Every structure is written in structure tokens, then in C-alpha cells.
$ cat entry-v6.cif   # mmCIF, C-alpha atoms
data_work
#
loop_
_atom_site.label_atom_id
_atom_site.label_comp_id
_atom_site.auth_asym_id
_atom_site.auth_seq_id
_atom_site.Cartn_x
_atom_site.Cartn_y
_atom_site.Cartn_z
CA MET U 1 -44.12 -29.17 -20.57
CA ALA U 2 -41.95 -26.07 -20.44
CA HIS U 3 -43.42 -22.74 -21.56
CA PRO U 4 -41.59 -20.11 -23.62
CA SER U 5 -39.25 -17.95 -21.49
CA GLN U 6 -40.02 -20.11 -18.46
CA LEU U 7 -37.60 -19.56 -15.55
CA GLY U 8 -38.85 -21.92 -12.83
CA PHE U 9 -39.58 -25.62 -12.66
CA GLN U 10 -42.54 -27.23 -14.38
CA ASP U 11 -45.52 -28.03 -12.14
CA ALA U 12 -44.72 -31.12 -10.09
CA ALA U 13 -46.52 -34.30 -11.11
CA SER U 14 -44.99 -36.59 -8.49
CA PRO U 15 -44.56 -36.31 -4.70
CA VAL U 16 -40.75 -36.32 -5.00
CA MET U 17 -40.79 -33.44 -7.47
CA GLU U 18 -43.10 -31.48 -5.15
CA GLU U 19 -40.55 -31.86 -2.35
CA LEU U 20 -37.70 -30.83 -4.64
CA LEU U 21 -39.64 -27.78 -5.78
CA HIS U 22 -40.40 -26.63 -2.22
CA PHE U 23 -36.79 -27.19 -1.15
CA HIS U 24 -35.59 -25.17 -4.11
CA ASP U 25 -37.94 -22.33 -3.13
CA HIS U 26 -36.55 -22.45 0.42
CA ALA U 27 -32.87 -22.48 -0.62
CA LEU U 28 -33.39 -19.80 -3.26
CA MET U 29 -35.13 -17.50 -0.75
CA ILE U 30 -32.06 -17.78 1.51
CA VAL U 31 -29.81 -17.04 -1.46
CA PHE U 32 -31.86 -13.96 -2.40
CA MET U 33 -31.78 -12.63 1.18
CA ILE U 34 -28.01 -13.05 1.50
CA SER U 35 -27.39 -11.52 -1.92
CA THR U 36 -29.57 -8.52 -1.11
CA LEU U 37 -27.74 -7.99 2.18
CA VAL U 38 -24.32 -8.23 0.53
CA LEU U 39 -25.34 -5.90 -2.31
CA TYR U 40 -26.66 -3.37 0.21
CA ILE U 41 -23.44 -3.50 2.20
CA ILE U 42 -21.30 -3.07 -0.94
CA ILE U 43 -23.31 -0.05 -2.05
CA ALA U 44 -23.21 1.43 1.44
CA MET U 45 -19.45 1.03 1.64
CA VAL U 46 -18.85 2.46 -1.80
CA THR U 47 -21.11 5.52 -1.42
CA THR U 48 -20.00 6.82 2.00
CA ASP U 49 -17.64 9.71 2.69
CA LEU U 50 -16.96 8.55 6.24
CA THR U 51 -13.66 6.90 7.09
CA ASN U 52 -12.75 5.18 10.34
CA LYS U 53 -9.07 4.43 10.85
CA TYR U 54 -9.18 3.18 14.45
CA ILE U 55 -11.19 -0.08 14.59
CA LEU U 56 -8.84 -3.06 14.37
CA ASP U 57 -11.02 -5.92 15.61
CA SER U 58 -14.32 -6.80 17.23
CA GLN U 59 -15.11 -10.07 18.95
CA GLU U 60 -18.88 -9.53 18.83
CA ILE U 61 -19.26 -9.19 15.07
CA GLU U 62 -16.81 -12.02 14.44
CA VAL U 63 -19.02 -14.30 16.54
CA ILE U 64 -22.15 -13.14 14.73
CA TRP U 65 -20.85 -13.59 11.23
CA THR U 66 -19.50 -17.04 12.04
CA VAL U 67 -22.48 -18.45 13.94
CA LEU U 68 -25.20 -17.04 11.71
CA PRO U 69 -23.86 -18.56 8.44
CA GLY U 70 -23.41 -21.85 10.30
CA LEU U 71 -27.06 -21.77 11.33
CA ILE U 72 -28.13 -20.89 7.80
CA LEU U 73 -26.17 -23.84 6.44
CA ILE U 74 -27.87 -26.16 8.90
CA LEU U 75 -31.20 -24.68 7.84
CA ILE U 76 -30.37 -25.68 4.25
CA ALA U 77 -28.73 -29.03 5.02
CA LEU U 78 -31.55 -30.56 7.08
CA PRO U 79 -34.30 -30.42 4.43
CA SER U 80 -31.74 -31.31 1.78
CA LEU U 81 -30.72 -34.54 3.52
CA ARG U 82 -34.36 -35.32 4.28
CA ILE U 83 -35.18 -35.24 0.58
CA LEU U 84 -32.03 -37.16 -0.33
CA TYR U 85 -33.07 -40.04 1.91
CA LEU U 86 -36.70 -39.74 0.85
CA MET U 87 -35.66 -40.25 -2.79
CA ASP U 88 -33.77 -43.39 -1.76
CA GLU U 89 -36.68 -44.99 0.10
CA ILE U 90 -37.39 -48.60 -0.73
CA ASN U 91 -40.51 -48.60 -2.84
CA ASP U 92 -42.77 -51.44 -3.85
CA PRO U 93 -43.48 -50.97 -7.55
CA HIS U 94 -46.69 -52.16 -9.18
CA LEU U 95 -45.18 -52.14 -12.64
CA THR U 96 -41.75 -52.35 -14.28
CA ILE U 97 -40.99 -50.68 -17.60
CA LYS U 98 -37.68 -50.79 -19.44
CA ALA U 99 -36.64 -47.67 -21.33
CA MET U 100 -33.91 -48.47 -23.86
CA GLY U 101 -32.04 -45.62 -25.55
CA HIS U 102 -31.06 -45.95 -29.19
CA GLN U 103 -29.64 -43.60 -31.76
CA TRP U 104 -32.01 -41.76 -31.99
CA TYR U 105 -35.21 -42.94 -30.31
CA TRP U 106 -36.41 -44.61 -27.12
CA SER U 107 -38.03 -48.03 -26.94
CA TYR U 108 -40.22 -49.17 -24.07
CA GLU U 109 -40.73 -52.72 -22.88
CA TYR U 110 -43.57 -53.87 -20.62
CA THR U 111 -42.76 -57.49 -19.83
CA ASP U 112 -44.34 -58.19 -16.43
CA TYR U 113 -47.08 -60.27 -18.05
CA GLU U 114 -46.84 -60.38 -21.85
CA GLU U 115 -43.94 -59.18 -23.99
CA LEU U 116 -44.99 -55.74 -25.10
CA GLY U 117 -42.33 -53.60 -26.73
CA PHE U 118 -42.54 -50.59 -29.02
CA ASP U 119 -40.39 -47.76 -30.36
CA SER U 120 -41.02 -44.10 -29.68
CA TYR U 121 -39.83 -41.75 -32.42
CA MET U 122 -40.12 -37.98 -32.40
CA ILE U 123 -42.82 -36.63 -34.72
CA PRO U 124 -40.98 -34.49 -37.34
CA THR U 125 -41.95 -30.82 -37.34
CA GLN U 126 -43.58 -30.99 -40.78
CA ASP U 127 -45.88 -33.83 -39.61
CA LEU U 128 -47.23 -32.13 -36.48
CA SER U 129 -50.97 -31.52 -36.10
CA PRO U 130 -52.14 -28.08 -34.87
CA GLY U 131 -51.67 -27.81 -31.11
CA GLN U 132 -48.86 -30.37 -30.89
CA PHE U 133 -45.50 -29.38 -29.45
CA ARG U 134 -42.45 -29.01 -31.69
CA LEU U 135 -39.54 -31.38 -30.91
CA LEU U 136 -41.46 -32.90 -27.99
CA GLU U 137 -44.17 -35.14 -29.43
CA THR U 138 -43.62 -38.82 -30.19
CA ASP U 139 -45.58 -41.37 -32.20
CA HIS U 140 -45.98 -43.71 -29.20
CA ARG U 141 -46.10 -42.56 -25.60
CA MET U 142 -45.00 -44.42 -22.51
CA VAL U 143 -48.36 -44.94 -20.83
CA VAL U 144 -48.44 -45.56 -17.08
CA PRO U 145 -51.24 -45.91 -14.54
CA SER U 146 -51.62 -42.79 -12.37
CA GLU U 147 -51.09 -43.01 -8.61
CA SER U 148 -49.16 -46.32 -8.95
CA PRO U 149 -45.48 -46.70 -8.10
CA VAL U 150 -43.68 -47.42 -11.36
CA ARG U 151 -40.14 -48.77 -11.64
CA VAL U 152 -38.24 -47.72 -14.77
CA LEU U 153 -35.09 -49.61 -15.73
CA VAL U 154 -33.04 -47.45 -18.06
CA SER U 155 -30.39 -48.77 -20.41
CA ALA U 156 -29.00 -48.15 -23.88
CA GLU U 157 -28.32 -50.26 -26.95
CA ASP U 158 -25.51 -48.21 -28.45
CA VAL U 159 -24.09 -45.07 -26.82
CA LEU U 160 -24.82 -43.13 -23.63
CA HIS U 161 -28.25 -41.51 -23.39
CA SER U 162 -30.23 -40.19 -20.43
CA TRP U 163 -33.94 -40.59 -19.70
CA ALA U 164 -35.37 -37.46 -18.09
CA VAL U 165 -38.89 -36.19 -17.31
CA PRO U 166 -38.64 -32.93 -15.30
CA ALA U 167 -42.30 -32.83 -14.19
CA LEU U 168 -41.87 -36.21 -12.50
CA GLY U 169 -38.47 -35.31 -11.02
CA VAL U 170 -36.73 -38.15 -12.86
CA LYS U 171 -33.42 -38.31 -14.68
CA MET U 172 -31.37 -41.48 -15.12
CA ASP U 173 -28.40 -42.17 -17.37
CA ALA U 174 -28.76 -44.88 -19.99
CA VAL U 175 -25.51 -46.84 -20.12
CA PRO U 176 -24.97 -49.74 -22.54
CA GLY U 177 -24.65 -53.02 -20.63
CA ARG U 178 -25.99 -51.53 -17.40
CA LEU U 179 -29.51 -51.44 -15.97
CA ASN U 180 -30.20 -48.31 -13.94
CA GLN U 181 -33.28 -48.25 -11.76
CA THR U 182 -35.44 -45.25 -10.99
CA ALA U 183 -39.02 -44.98 -9.77
CA PHE U 184 -41.84 -42.49 -9.64
CA VAL U 185 -45.51 -42.10 -8.81
CA ALA U 186 -47.55 -39.97 -11.22
CA SER U 187 -49.79 -38.12 -8.74
CA ARG U 188 -52.27 -37.10 -11.39
CA SER U 189 -53.26 -38.07 -14.93
CA GLY U 190 -51.58 -36.02 -17.60
CA VAL U 191 -48.94 -35.89 -20.33
CA TYR U 192 -45.36 -35.17 -19.25
CA TYR U 193 -42.52 -34.35 -21.61
CA GLY U 194 -38.77 -34.80 -21.37
CA GLN U 195 -35.74 -34.85 -23.63
CA CYS U 196 -32.65 -37.02 -23.95
CA SER U 197 -30.13 -35.62 -21.46
CA GLU U 198 -26.80 -37.08 -22.56
CA ILE U 199 -25.10 -36.14 -25.82
CA CYS U 200 -25.49 -39.08 -28.16
CA GLY U 201 -24.78 -37.90 -31.68
CA ALA U 202 -26.39 -35.91 -34.46
CA ASN U 203 -30.02 -36.26 -33.35
CA HIS U 204 -29.53 -36.05 -29.61
CA SER U 205 -31.98 -33.11 -29.49
CA PHE U 206 -34.60 -35.05 -31.43
CA MET U 207 -35.37 -38.08 -29.28
CA PRO U 208 -37.90 -36.85 -26.72
CA ILE U 209 -39.71 -38.77 -24.01
CA VAL U 210 -43.46 -38.56 -23.45
CA VAL U 211 -45.07 -40.16 -20.39
CA GLU U 212 -48.86 -40.34 -20.34
CA ALA U 213 -50.41 -41.11 -16.95
CA VAL U 214 -53.96 -42.46 -17.13
CA PRO U 215 -56.34 -44.18 -14.70
CA LEU U 216 -55.68 -47.89 -14.27
CA GLU U 217 -58.60 -49.16 -16.40
CA HIS U 218 -57.46 -46.98 -19.30
CA PHE U 219 -53.93 -48.30 -18.88
CA GLU U 220 -55.23 -51.89 -19.05
CA ASN U 221 -57.25 -51.09 -22.19
CA TRP U 222 -54.25 -49.42 -23.79
CA SER U 223 -51.92 -52.35 -23.10
CA SER U 224 -54.45 -54.85 -24.52
CA LEU U 225 -54.76 -52.71 -27.68
CA MET U 226 -50.98 -52.41 -28.01
CA LEU U 227 -50.56 -56.16 -27.67
CA GLU U 228 -53.18 -56.77 -30.38
CA ASP U 229 -51.46 -54.33 -32.74
CA ALA U 230 -48.02 -55.86 -32.21
CA MET V 1 -42.76 -67.76 3.86
CA SER V 2 -46.44 -68.26 4.65
CA GLU V 3 -47.31 -68.11 0.94
CA THR V 4 -46.53 -71.12 -1.20
CA ILE V 5 -44.50 -70.55 -4.32
CA GLU V 6 -47.56 -71.26 -6.48
CA GLU V 7 -49.53 -68.52 -4.70
CA LYS V 8 -46.62 -66.13 -5.07
CA ILE V 9 -46.41 -66.82 -8.80
CA LYS V 10 -50.19 -66.51 -9.25
CA SER V 11 -50.33 -63.13 -7.48
CA TYR V 12 -47.21 -61.85 -9.27
CA ARG V 13 -47.34 -58.16 -10.17
CA THR V 14 -43.76 -57.23 -10.86
CA ALA V 15 -40.30 -58.07 -9.55
CA PRO V 16 -40.35 -57.20 -5.82
CA PHE V 17 -37.61 -55.33 -3.98
CA ASP V 18 -34.58 -57.62 -3.59
CA ALA V 19 -32.39 -56.68 -0.63
CA ARG V 20 -29.36 -58.26 -2.33
CA PHE V 21 -29.54 -55.48 -4.90
CA PRO V 22 -30.61 -52.35 -3.03
CA ASN V 23 -28.92 -49.77 -5.27
CA THR V 24 -29.47 -48.09 -8.59
CA ASN V 25 -27.50 -50.65 -10.59
CA GLN V 26 -29.86 -53.57 -11.18
CA THR V 27 -27.77 -55.31 -13.86
CA ARG V 28 -26.77 -58.13 -11.55
CA ASN V 29 -30.36 -58.54 -10.31
CA CYS V 30 -31.49 -59.32 -13.88
CA PHE V 31 -28.54 -61.59 -14.63
CA GLN V 32 -28.75 -63.46 -11.31
CA ASN V 33 -32.41 -64.33 -11.82
CA TYR V 34 -31.70 -65.47 -15.37
CA LEU V 35 -28.93 -67.76 -14.07
CA ASP V 36 -31.09 -68.95 -11.17
CA TYR V 37 -33.93 -69.90 -13.53
CA HIS V 38 -31.68 -72.04 -15.69
CA ARG V 39 -29.86 -73.55 -12.72
CA CYS V 40 -33.20 -74.33 -11.04
CA ASN V 41 -34.48 -76.02 -14.20
CA LYS V 42 -31.30 -78.03 -14.56
CA ALA V 43 -31.25 -79.10 -10.89
CA LEU V 44 -34.93 -80.02 -10.62
CA SER V 45 -35.17 -81.86 -13.92
CA ALA V 46 -31.99 -83.79 -13.09
CA THR V 47 -33.82 -85.33 -10.12
CA ASP V 48 -37.13 -85.67 -12.03
CA GLN V 49 -38.94 -83.10 -9.87
CA ASP V 50 -41.59 -80.60 -10.96
CA VAL V 51 -39.90 -77.49 -12.44
CA ALA V 52 -42.88 -75.22 -11.65
CA PRO V 53 -41.15 -73.37 -8.77
CA CYS V 54 -38.52 -72.17 -11.25
CA ASP V 55 -41.20 -70.05 -12.89
CA TRP V 56 -40.67 -67.40 -10.17
CA TYR V 57 -37.14 -66.72 -11.44
CA GLN V 58 -38.44 -66.61 -14.99
CA ARG V 59 -41.12 -64.03 -14.13
CA VAL V 60 -38.52 -61.89 -12.35
CA TYR V 61 -35.92 -61.97 -15.10
CA LYS V 62 -38.57 -61.31 -17.75
CA SER V 63 -39.67 -58.25 -15.77
CA LEU V 64 -36.17 -56.91 -15.26
CA CYS V 65 -34.05 -57.92 -18.24
CA PRO V 66 -34.27 -56.12 -21.58
CA MET V 67 -35.69 -58.42 -24.27
CA SER V 68 -32.57 -57.99 -26.42
CA TRP V 69 -30.33 -59.24 -23.58
CA VAL V 70 -32.57 -62.27 -23.00
CA SER V 71 -32.59 -63.28 -26.70
CA LYS V 72 -28.82 -62.85 -26.89
CA TRP V 73 -28.31 -65.03 -23.83
CA ASP V 74 -30.83 -67.64 -25.05
CA GLU V 75 -28.94 -67.89 -28.35
CA ALA V 76 -25.65 -68.19 -26.47
CA ILE V 77 -27.06 -71.02 -24.38
CA GLU V 78 -28.26 -72.80 -27.55
CA SER V 79 -24.86 -72.44 -29.19
CA GLY V 80 -23.00 -73.39 -26.03
CA SER V 81 -21.16 -70.06 -25.72
CA PHE V 82 -23.03 -68.64 -22.71
CA PRO V 83 -20.43 -67.23 -20.28
CA GLY V 84 -22.34 -67.91 -17.03
CA LYS V 85 -22.14 -71.13 -15.06
CA ILE V 86 -25.40 -73.10 -15.31
#
$ encode --input "entry-v6.cif" --output "C-alpha cells"
Amino acid sequence: MAHPSQLGFQDAASPVMEELLHFHDHALMIVFMISTLVLYIIIAMVTTDLTNKYILDSQEIEVIWTVLPGLILILIALPSLRILYLMDEINDPHLTIKAMGHQWYWSYEYTDYEELGFDSYMIPTQDLSPGQFRLLETDHRMVVPSESPVRVLVSAEDVLHSWAVPALGVKMDAVPGRLNQTAFVASRSGVYYGQCSEICGANHSFMPIVVEAVPLEHFENWSSLMLEDA
Amino acid sequence: MSETIEEKIKSYRTAPFDARFPNTNQTRNCFQNYLDYHRCNKALSATDQDVAPCDWYQRVYKSLCPMSWVSKWDEAIESGSFPGKI
């Protein structure tokens, strides 16, 4: 989850998010270096008493400040396109879950074998136990097996919503009448939080998403228990 | 092709990648399998054949389609107002 006054990304919990994080570090470093250079030049220009009235052009510097930015852009574009295509790779999911957005909660359906479906409402602030996170906890979590490719089909039953979990590098719009596919692999067991990412009415800020990745046997136990309770 | 349909259904995990629907929008994937299941049932039972192979389409549409869509379509089929051609 996000920490107070956090500036950077949350720790990556999926291989795709790791790649995105490293690419962001790379691009941001280039941005910082260019900004520092430009700031230095501005300050140097503004604080000098020297004036030169006789230089009208220079082929050499024109070549440098055309070729160098071109090279920098290529240096950014190549990893960017690599990740773009990596995110679009055909994957072979082990499990399909449907995440349906409602006003104002998510419901999850696991129908590969039996018909398991349940709603996931935010826990109101006054009902939180000590240690739980305000506006992020839900009564039922979307449990997935860790290290397994999971396909999530996102849709909505009323208005637009968006299903997002930053730690897994996933965000997909929930459109009524449309089934949008996304996929992830939870690299490690853990609890990952997200929030609805498309304005959907009064309680848009109060319909969070919680994904709990557990080892496969625990996932199987959980789904049997959930089916019994239903 | 080397697996029989019964083996494929027995070792079913989840809907596999379908090259006809390679993109993000899987709406048609769900609907097509729903149609194919009902068309398969209709065609095989019309010639008195075993409808077991149709179970593949059922497993796939149950994996992909939201339960609310499936119940709505089932009701529409019962009442004769289903818009698809079966």
C-alpha cells in the first residue's frame, strides 16, 4: 500500500511492474540530468557580465545539440517499446476472475469450476480494527494463487469504474456491456491495495480493491470455504 | 488436435488464449462461446448425437461471461427474445 507522503511507486509485486519501475527510474534520471544542465546554463547566462556581439552561427554546436537529443530519445524509446510489447505478450492464464464494478463496490466471480461470486465492500472507518488501513480495507478480498498467471476480466453493472492495483502494475477500465481483459502474476504472497480509478458518483473514493496473493494450497482451501459459506 | 475433446474438457483449467480474440476487448469471446454452446447443442441433438463435446463451449463461456449476463441471456432464450441466432 502507499505510505504517507510517499513520492515514488509502491514496491513491485509483479514482473511487469518491476520493469515499469526500472524504466521509470531510467527515464527520470535522464530528465533530471537534462533539467540540471538547462538550469545551470540559465543561471550562467543570467549571472555573467560578459557580452559577445560577433558570433552569428556555429555548425559544430548545431550538430551536437541535434544529434545528442536524438540519441537520448532513442535511449528512452527502446526500453519503452520493449516494455510495451512485453505487456502485450500472449499469456496462458491458470485462472480467470471477473471483477464487476457497481455503485459503490466491486464483486468478484470465480467460475472456472464452480460458481463462486461475492461482493467486496469497503470497511467503514468506524468499524476498522487497530492496524487496518483507512479507506483501503474491504470485507472480502480477491484471493489469488501467487506465482500463477491470472486473467482478470473487468466490467461494470451500472456506470464507468476502473479496477487498479498499483503494486501489480494493473489498471483496466470497467465499462458496462464490455469485458476488458488484463492479466498479472503475483510474484510473491502479500496483500495489495488499489482504489477505483474512474469517477463513478458519490462514493467513488470508497470502493477499494484488495488482492491477497497466497500459496496455491491456501487458495484452494479458501475457495472451498467460500463455496461452503455461499 | 492430438487430445480428444473429452481429455481437453477433463484437464480444463480456464479458457485458453483464443487467437480470434487477441485484444483487450473480450466481449465477443464470451458471447461467441455462449452462442456456439447453444448452436452445438441444437445441431447435435437434432441428429440424435451425443452433446458431450458441447461442454467445452459451456466451460469457456462460464469462465469468461459475467454470471449476470448469462442469467439474462438464459431468461431471454426461455422467453424467446434472445437476439442472437441459435
$ resolve_selection --input "entry-v6.cif" --expression "the PyMOL selection byres ((chain U) within 12 of (chain V))" --output "PyMOL selection string"
chain U and resi 87-101+107-118+149-157+172-183
$ resolve_selection --input "entry-v6.cif" --expression "the PyMOL selection byres ((chain U and resi 15) around 10)" --output "PyMOL selection string"
chain U and resi 12-14+16-21+87+168-169+184-187
$ resolve_selection --input "entry-v6.cif" --expression "the PyMOL selection byres ((chain V and resi 36) around 12)" --output "PyMOL selection string"
chain V and resi 28-35+37-44+53-61+84-86
$ closest_residue --input "entry-v6.cif" --among "U:Ser189, U:Gln132, U:Gln195, U:Thr138" --to "Asp119 of chain U" --atoms "all atoms listed in the file"
U:Thr138
$ axis_aligned_box --input "entry-v6.cif" --around "segment 73-85 of chain V" --padding-each-side "8 Å" --output "JSON"
{"center_x": -25.6, "center_y": -69.2, "center_z": -22.1, "size_x": 26.4, "size_y": 24.4, "size_z": 30.1}
$ atom_distance --input "entry-v6.cif" --atom1 "atom CA of Pro145 of chain U" --atom2 "atom CA of Leu225 of chain U"
15.2 Å
$ atom_distance --input "entry-v6.cif" --atom1 "atom CA of Met1 of chain U" --atom2 "atom CA of His26 of chain U"
23.3 Å
$ residues_near_point --input "entry-v6.cif" --point "(-41.8, -29.1, -17.1)" --cutoff "10 Å" --atoms "all atoms listed in the file" --output "list of chain:residue names"
U:Met1, U:Ala2, U:His3, U:Gln6, U:Gly8, U:Phe9, U:Gln10, U:Asp11, U:Ala12, U:Ala13, U:Val165, U:Pro166, U:Ala167, U:Leu168, U:Gly169, U:Tyr192, U:Tyr193, U:Gly194
